[in-house]
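All remarks here apply to the structure that follows.
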Amino acid sequence: MSDLYREQLLEHYHEPQNYGVLPEADVDVQLDNPTCGDTIHLTARLDPEGRIAKVMFEGHGCVISMAAASMLTEDVVGKTPQEVAALELHDVEEMMGGLRLSMGRVKCALLAVNALKKGLRESGRL
Amino acid sequence: MTWNLEELRREFPILQQQVHGKRLVFLDSAASAQKPRAVIEALTTVYTTAYANVHRGLYSLAEAATAHYEEAREKIAHFIGASDPGELIYVRNATEALNLVAYAWGRKHITAGDRIVITEMEHHSNLVPWMMLAQERGAELAYLPVTAAGELELTALPPLLADGRTRVVAFTLMSNVLGTIPPAQELTAMAHAAGALVVADGAQAVPHLPVNVQTLGVDFLAFSGHKLGGPGIGALWGRRRLLEAMPPFLFGGDMILSVKKHSATWNELPYKFEAGTPAIAEAVGFGVAVDFLSALGMEAVQQHEQMLVAYALERLPEVPGLHILGPTHPHRGGAVSFWLEGIHPHDIASVLDSEGICIRAGLHCAEPLHARFGLPASARASFFIYNGTDDVDALVAGLQGVVKLLRR
Ligand SMILES: Cc1ncc(COP(=O)(O)O)c(C=O)c1O
């Protein structure tokens, strides 16, 4: 029916990976998208070398924002904060299986990665 | 059926295209309407035969352009029941019209302790200008509440008018989210009896039902040409007496009568409020769009849309977990907002897009109204003259597909 809503994406939406709150997190951040009411609460822990060890999220929003968050929690493990900071829309689209997002949906897809960047900055890792 | 729908659709070139291989089902006219061929051709005609700046040139081409520009103004004024075209000011859109009133009238008349009354169902463009005015002047901004059924809580108005502090009551003639048509005459009479002016936001009403400023009795009416099939332009109508007492909104060319090094005097109405080179061809196209609707008849337009609303209100509940916002009787406008349990409105719009169906999803520039209903966003289908029951059928089938795809 829709190119956007392929199976892989819907699986992440219906059964999100790493859903919840990480105890004793190094990064703990909340980000909202007021124009559509999407919200995300993201927690992350870093390993002794400063790389992302684990990320968890909770929140609510559209398929794109929630699936992107779920995929991100898997994709960024092992990355340095600098590598996370360098992630762009193109990388998020690749991470989501080579999606091409329409202008109106870009903000949804970037919510989680922007939250992680914000959290890394606020916790002094960036 | 009020007119032959297939024939009418052929007048709208954009509707002939396919989207993702499907017939284009356009259900977002409340945001901006599609343009009939007559309007599109009028723009070409202006640019190919009669374009020059207005009110300036002494050559015949400029005179022709000015004549077309002024003729359109007369038609638009007549369309809303105004007898004096000098009371009709061209602006960019309804938003600019409302800002014009809030600045030029508001900053002259609103002082500390005054009250401005608006409603919870206002579009941001009839809300934020008043909010800013109230903040700047230390005035109070009060809201008429919206009931759970999506109507205005009229009993809340008399107490707000009782102390004589209310200077202006501003409300929409039709909610762009709920489709509600507030009782404008009644509200206006109450406001006037308390010495308050009435500013009507006609952005949704003027394209979809007969609006007559004389019968309504309002003092200002803001509306958009682009929502009634015209190009990107709008208009403000106001009572001559009020407009004359108001200072200009923008300063510069055309709005001036005479300029000395340290003083200036203003041009007569409506030019006092039309500073700079206006949207000339757009104004002509606005007039043609008004002709197009007048030929159909605004009573017939309203009747057609009420038929579609009645049909939509009957069919939409077939979709499991669908909730309609606003009145569930058909005496309402053709903007039908709804939400689906467990599915974000953005996803509804994206999935429907793949079926060639265009709807709006989000806050529709009415965030306080969505907060009133505890919703982060909603989806909206809105009708115009070129929509038919086949569009409602496509919408319902599309929504069934959305549910099948996204709900588990
Ligand atoms: C009720 C209402 N008022 C005002 C506006 C603003 O119109 P415009 O965007 O043309 O300025 C709109 C449409 O967006 C509307 O629906």
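Within each chain, counting starts at residue 1; across the structure tokens, chains are named A, B, ... in the order shown, with ligands numbered 1 upward in that order.
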Neighbours of ligand 1 at 9 Å or closer, counting only C-alpha atoms and all ligand atoms: which residues, as an mmCIF file with C-alpha atoms, in the first residue's frame?
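Now in part35.cif:
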```cif
data_model
loop_
_atom_site.group_PDB
_atom_site.id
_atom_site.type_symbol
_atom_site.label_atom_id
_atom_site.label_comp_id
_atom_site.auth_asym_id
_atom_site.auth_seq_id
_atom_site.Cartn_x
_atom_site.Cartn_y
_atom_site.Cartn_z
ATOM 1 C CA ALA B 30 -9.666 24.458 3.897
ATOM 2 C CA ALA B 31 -5.916 25.060 3.697
ATOM 3 C CA SER B 32 -6.045 26.387 0.150
ATOM 4 C CA ARG B 92 -1.898 39.178 1.280
ATOM 5 C CA ASN B 93 -4.251 36.859 3.150
ATOM 6 C CA ALA B 94 -6.658 36.654 6.074
ATOM 7 C CA THR B 95 -3.711 36.641 8.448
ATOM 8 C CA GLU B 96 -2.542 40.021 7.206
ATOM 9 C CA ALA B 97 -6.091 41.368 7.363
ATOM 10 C CA LEU B 98 -6.401 40.375 11.028
ATOM 11 C CA MET B 121 -11.703 27.689 18.380
ATOM 12 C CA GLU B 122 -9.701 30.474 16.734
ATOM 13 C CA HIS B 123 -7.053 29.896 14.118
ATOM 14 C CA HIS B 124 -3.699 31.236 15.333
ATOM 15 C CA SER B 125 -4.090 34.174 12.972
ATOM 16 C CA ASN B 126 -7.140 35.398 14.886
ATOM 17 C CA PHE B 171 -14.376 35.175 16.324
ATOM 18 C CA THR B 172 -14.367 32.898 13.336
ATOM 19 C CA LEU B 173 -17.468 32.551 11.180
ATOM 20 C CA MET B 174 -16.542 28.900 10.696
ATOM 21 C CA SER B 175 -14.018 26.795 12.560
ATOM 22 C CA ASN B 176 -11.305 25.409 10.298
ATOM 23 C CA VAL B 177 -11.040 22.373 12.591
ATOM 24 C CA ASP B 201 -12.571 35.853 10.625
ATOM 25 C CA GLY B 202 -14.218 34.815 7.388
ATOM 26 C CA ALA B 203 -11.325 32.738 6.046
ATOM 27 C CA GLN B 204 -13.428 29.548 6.137
ATOM 28 C CA ALA B 205 -16.928 30.979 5.857
ATOM 29 C CA ALA B 222 -11.042 39.154 7.088
ATOM 30 C CA PHE B 223 -10.830 36.542 4.350
ATOM 31 C CA SER B 224 -8.487 34.920 1.850
ATOM 32 C CA GLY B 225 -8.871 34.793 -1.920
ATOM 33 C CA HIS B 226 -6.748 31.674 -2.214
ATOM 34 C CA LYS B 227 -9.216 29.657 -0.164
ATOM 35 C CA GLY B 232 -2.506 34.078 -3.234
ATOM 36 C CA ILE B 233 -4.285 37.201 -2.045
ATOM 37 C CA GLY B 234 -6.785 38.240 0.602
ATOM 38 C CA HIS B 364 -4.274 23.088 11.688
ATOM 39 C CA CYS B 365 -2.967 26.300 13.284
ATOM 40 C CA ALA B 366 -5.326 25.799 16.219
#
```
Taking only C-alpha atoms into account, which residues of chain A are within 10 Å of chain B, as a PyMOL selection string?
chain A and resi 1-7+10+13-14+34-38+60-64+102+104-105+108
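Of all the residues in region 11-59 of chain A, the ones DSSP labels as helix (DSSP H, G or I) from the backbone are A:Glu11, A:His12, A:Tyr13, A:His14.
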Please dump the current selection as a compact mmCIF listing (two decimals), in the first residue's frame; keep N, CA and C atoms.
```
# COMPACT_ATOMS: atom_id res chain seq x y z
N GLU A 11 7.62 -3.29 11.96
CA GLU A 11 8.04 -4.18 13.05
C GLU A 11 8.66 -3.37 14.19
N HIS A 12 9.52 -2.44 13.81
CA HIS A 12 10.13 -1.59 14.84
C HIS A 12 9.10 -0.75 15.57
N TYR A 13 8.06 -0.36 14.83
CA TYR A 13 7.01 0.47 15.44
C TYR A 13 6.18 -0.36 16.40
N HIS A 14 5.78 -1.54 15.96
CA HIS A 14 4.90 -2.36 16.81
C HIS A 14 5.66 -3.05 17.93
```
Using only C-alpha atoms, can you tell me which of A:Thr43, A:Asn114, A:Asn33, A:Asn18 comes closest to Ala86 (chain A)?
A:Asn114
Excluding Leu325 (chain B) and its own-chain neighbours fewer than 6 positions away, which residues fall within 9 Å of it when counting only C-alpha atoms? Please give them as a count of residues only.
12
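A straight line drawn from CA of Gly57 (chain B) to CA of Glu282 (chain B) is 19.1 Å long.
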If you count only C-alpha atoms, the residue of A:Arg51, A:His41, A:His90, A:Lys79 closest to Leu110 (chain A) turns out to be A:His90
If you run DSSP on the backbone, which residues of region 9-67 of chain B are strand (DSSP E or B), as a PDB file with N, CA, C and O atoms, in the first residue's frame?
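Contents of the output file selection_38.pdb:
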```pdb
ATOM      1  N   GLN B  18      -2.949  12.379 -11.977  1.00  0.00           N
ATOM      2  CA  GLN B  18      -2.944  11.225 -11.089  1.00  0.00           C
ATOM      3  C   GLN B  18      -1.780  11.364 -10.108  1.00  0.00           C
ATOM      4  O   GLN B  18      -0.751  11.936 -10.443  1.00  0.00           O
ATOM      5  N   VAL B  19      -1.982  10.849  -8.901  1.00  0.00           N
ATOM      6  CA  VAL B  19      -0.919  10.849  -7.898  1.00  0.00           C
ATOM      7  C   VAL B  19      -0.646   9.400  -7.533  1.00  0.00           C
ATOM      8  O   VAL B  19      -1.571   8.678  -7.183  1.00  0.00           O
ATOM      9  N   LYS B  22      -2.984   7.050  -8.975  1.00  0.00           N
ATOM     10  CA  LYS B  22      -4.389   7.057  -8.536  1.00  0.00           C
ATOM     11  C   LYS B  22      -5.032   8.398  -8.866  1.00  0.00           C
ATOM     12  O   LYS B  22      -4.352   9.416  -8.966  1.00  0.00           O
ATOM     13  N   ARG B  23      -6.365   8.392  -8.966  1.00  0.00           N
ATOM     14  CA  ARG B  23      -7.098   9.653  -9.135  1.00  0.00           C
ATOM     15  C   ARG B  23      -6.794  10.568  -7.944  1.00  0.00           C
ATOM     16  O   ARG B  23      -6.774  10.120  -6.802  1.00  0.00           O
ATOM     17  N   VAL B  25      -7.532  12.768  -5.122  1.00  0.00           N
ATOM     18  CA  VAL B  25      -8.677  13.053  -4.257  1.00  0.00           C
ATOM     19  C   VAL B  25      -8.247  14.184  -3.333  1.00  0.00           C
ATOM     20  O   VAL B  25      -7.501  13.971  -2.372  1.00  0.00           O
ATOM     21  N   PHE B  26      -8.667  15.398  -3.668  1.00  0.00           N
ATOM     22  CA  PHE B  26      -8.168  16.553  -2.928  1.00  0.00           C
ATOM     23  C   PHE B  26      -9.135  16.943  -1.824  1.00  0.00           C
ATOM     24  O   PHE B  26     -10.227  17.444  -2.082  1.00  0.00           O
ATOM     25  N   ASP B  28      -8.200  18.937   0.967  1.00  0.00           N
ATOM     26  CA  ASP B  28      -7.524  19.924   1.810  1.00  0.00           C
ATOM     27  C   ASP B  28      -7.811  21.351   1.362  1.00  0.00           C
ATOM     28  O   ASP B  28      -6.949  22.227   1.453  1.00  0.00           O
TER      29      ASP B  28
END
```
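Non-sequential neighbours of Leu197 (chain B) (distance at most 10 Å, separation of 2 or more positions within a chain, only C-alpha atoms) are Ile116, Thr166, Arg167, Val168, Val169, Ala170, Thr188, Ala191, His192, Ala193, Ala194, Gly195, Val199, Ala200, Val218, Asp219, Phe220 and Leu242 of chain B.
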Please dump the current selection as a tab-separated table (two decimals), in the first residue's frame; keep N, CA and C atoms.
```tsv
chain	number	residue	atom	x	y	z
B	116	ILE	N	-10.11	41.98	25.57
B	116	ILE	CA	-10.30	41.49	24.20
B	116	ILE	C	-10.88	40.09	24.35
B	166	THR	N	-14.84	45.27	27.80
B	166	THR	CA	-14.54	44.58	26.54
B	166	THR	C	-14.66	45.54	25.37
B	167	ARG	N	-13.58	45.72	24.64
B	167	ARG	CA	-13.55	46.66	23.51
B	167	ARG	C	-13.79	45.95	22.17
B	168	VAL	N	-13.42	44.68	22.11
B	168	VAL	CA	-13.53	43.97	20.84
B	168	VAL	C	-13.81	42.49	21.09
B	169	VAL	N	-14.68	41.94	20.25
B	169	VAL	CA	-14.94	40.51	20.26
B	169	VAL	C	-14.57	39.99	18.86
B	170	ALA	N	-13.63	39.06	18.83
B	170	ALA	CA	-13.16	38.54	17.54
B	170	ALA	C	-13.43	37.04	17.49
B	188	THR	N	-22.71	39.15	17.55
B	188	THR	CA	-22.47	40.53	17.17
B	188	THR	C	-23.42	41.47	17.91
B	191	ALA	N	-22.26	41.81	21.48
B	191	ALA	CA	-21.04	42.62	21.59
B	191	ALA	C	-21.37	44.10	21.39
B	192	HIS	N	-22.16	44.38	20.37
B	192	HIS	CA	-22.49	45.77	20.09
B	192	HIS	C	-23.27	46.41	21.24
B	193	ALA	N	-24.18	45.62	21.83
B	193	ALA	CA	-24.97	46.15	22.94
B	193	ALA	C	-24.07	46.54	24.10
B	194	ALA	N	-22.90	45.91	24.18
B	194	ALA	CA	-21.97	46.23	25.26
B	194	ALA	C	-20.91	47.23	24.81
B	195	GLY	N	-21.08	47.76	23.61
B	195	GLY	CA	-20.15	48.78	23.12
B	195	GLY	C	-18.85	48.23	22.57
B	199	VAL	N	-14.86	41.70	15.18
B	199	VAL	CA	-13.96	41.33	14.09
B	199	VAL	C	-14.27	39.90	13.71
B	200	ALA	N	-14.68	39.68	12.47
B	200	ALA	CA	-15.04	38.34	12.03
B	200	ALA	C	-13.94	37.78	11.15
B	218	VAL	N	-21.24	42.76	11.46
B	218	VAL	CA	-19.88	42.82	12.01
B	218	VAL	C	-19.20	44.12	11.57
B	219	ASP	N	-18.09	44.45	12.22
B	219	ASP	CA	-17.39	45.70	11.91
B	219	ASP	C	-16.21	45.49	10.97
B	220	PHE	N	-15.57	44.31	11.09
B	220	PHE	CA	-14.48	43.95	10.19
B	220	PHE	C	-14.67	42.51	9.74
B	242	LEU	N	-14.78	53.47	10.70
B	242	LEU	CA	-13.68	52.92	11.51
B	242	LEU	C	-12.36	53.00	10.77
```
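In this structure, CA of Pro278 (chain B) sits 9.6 Å away from CA of Asp254 (chain B).
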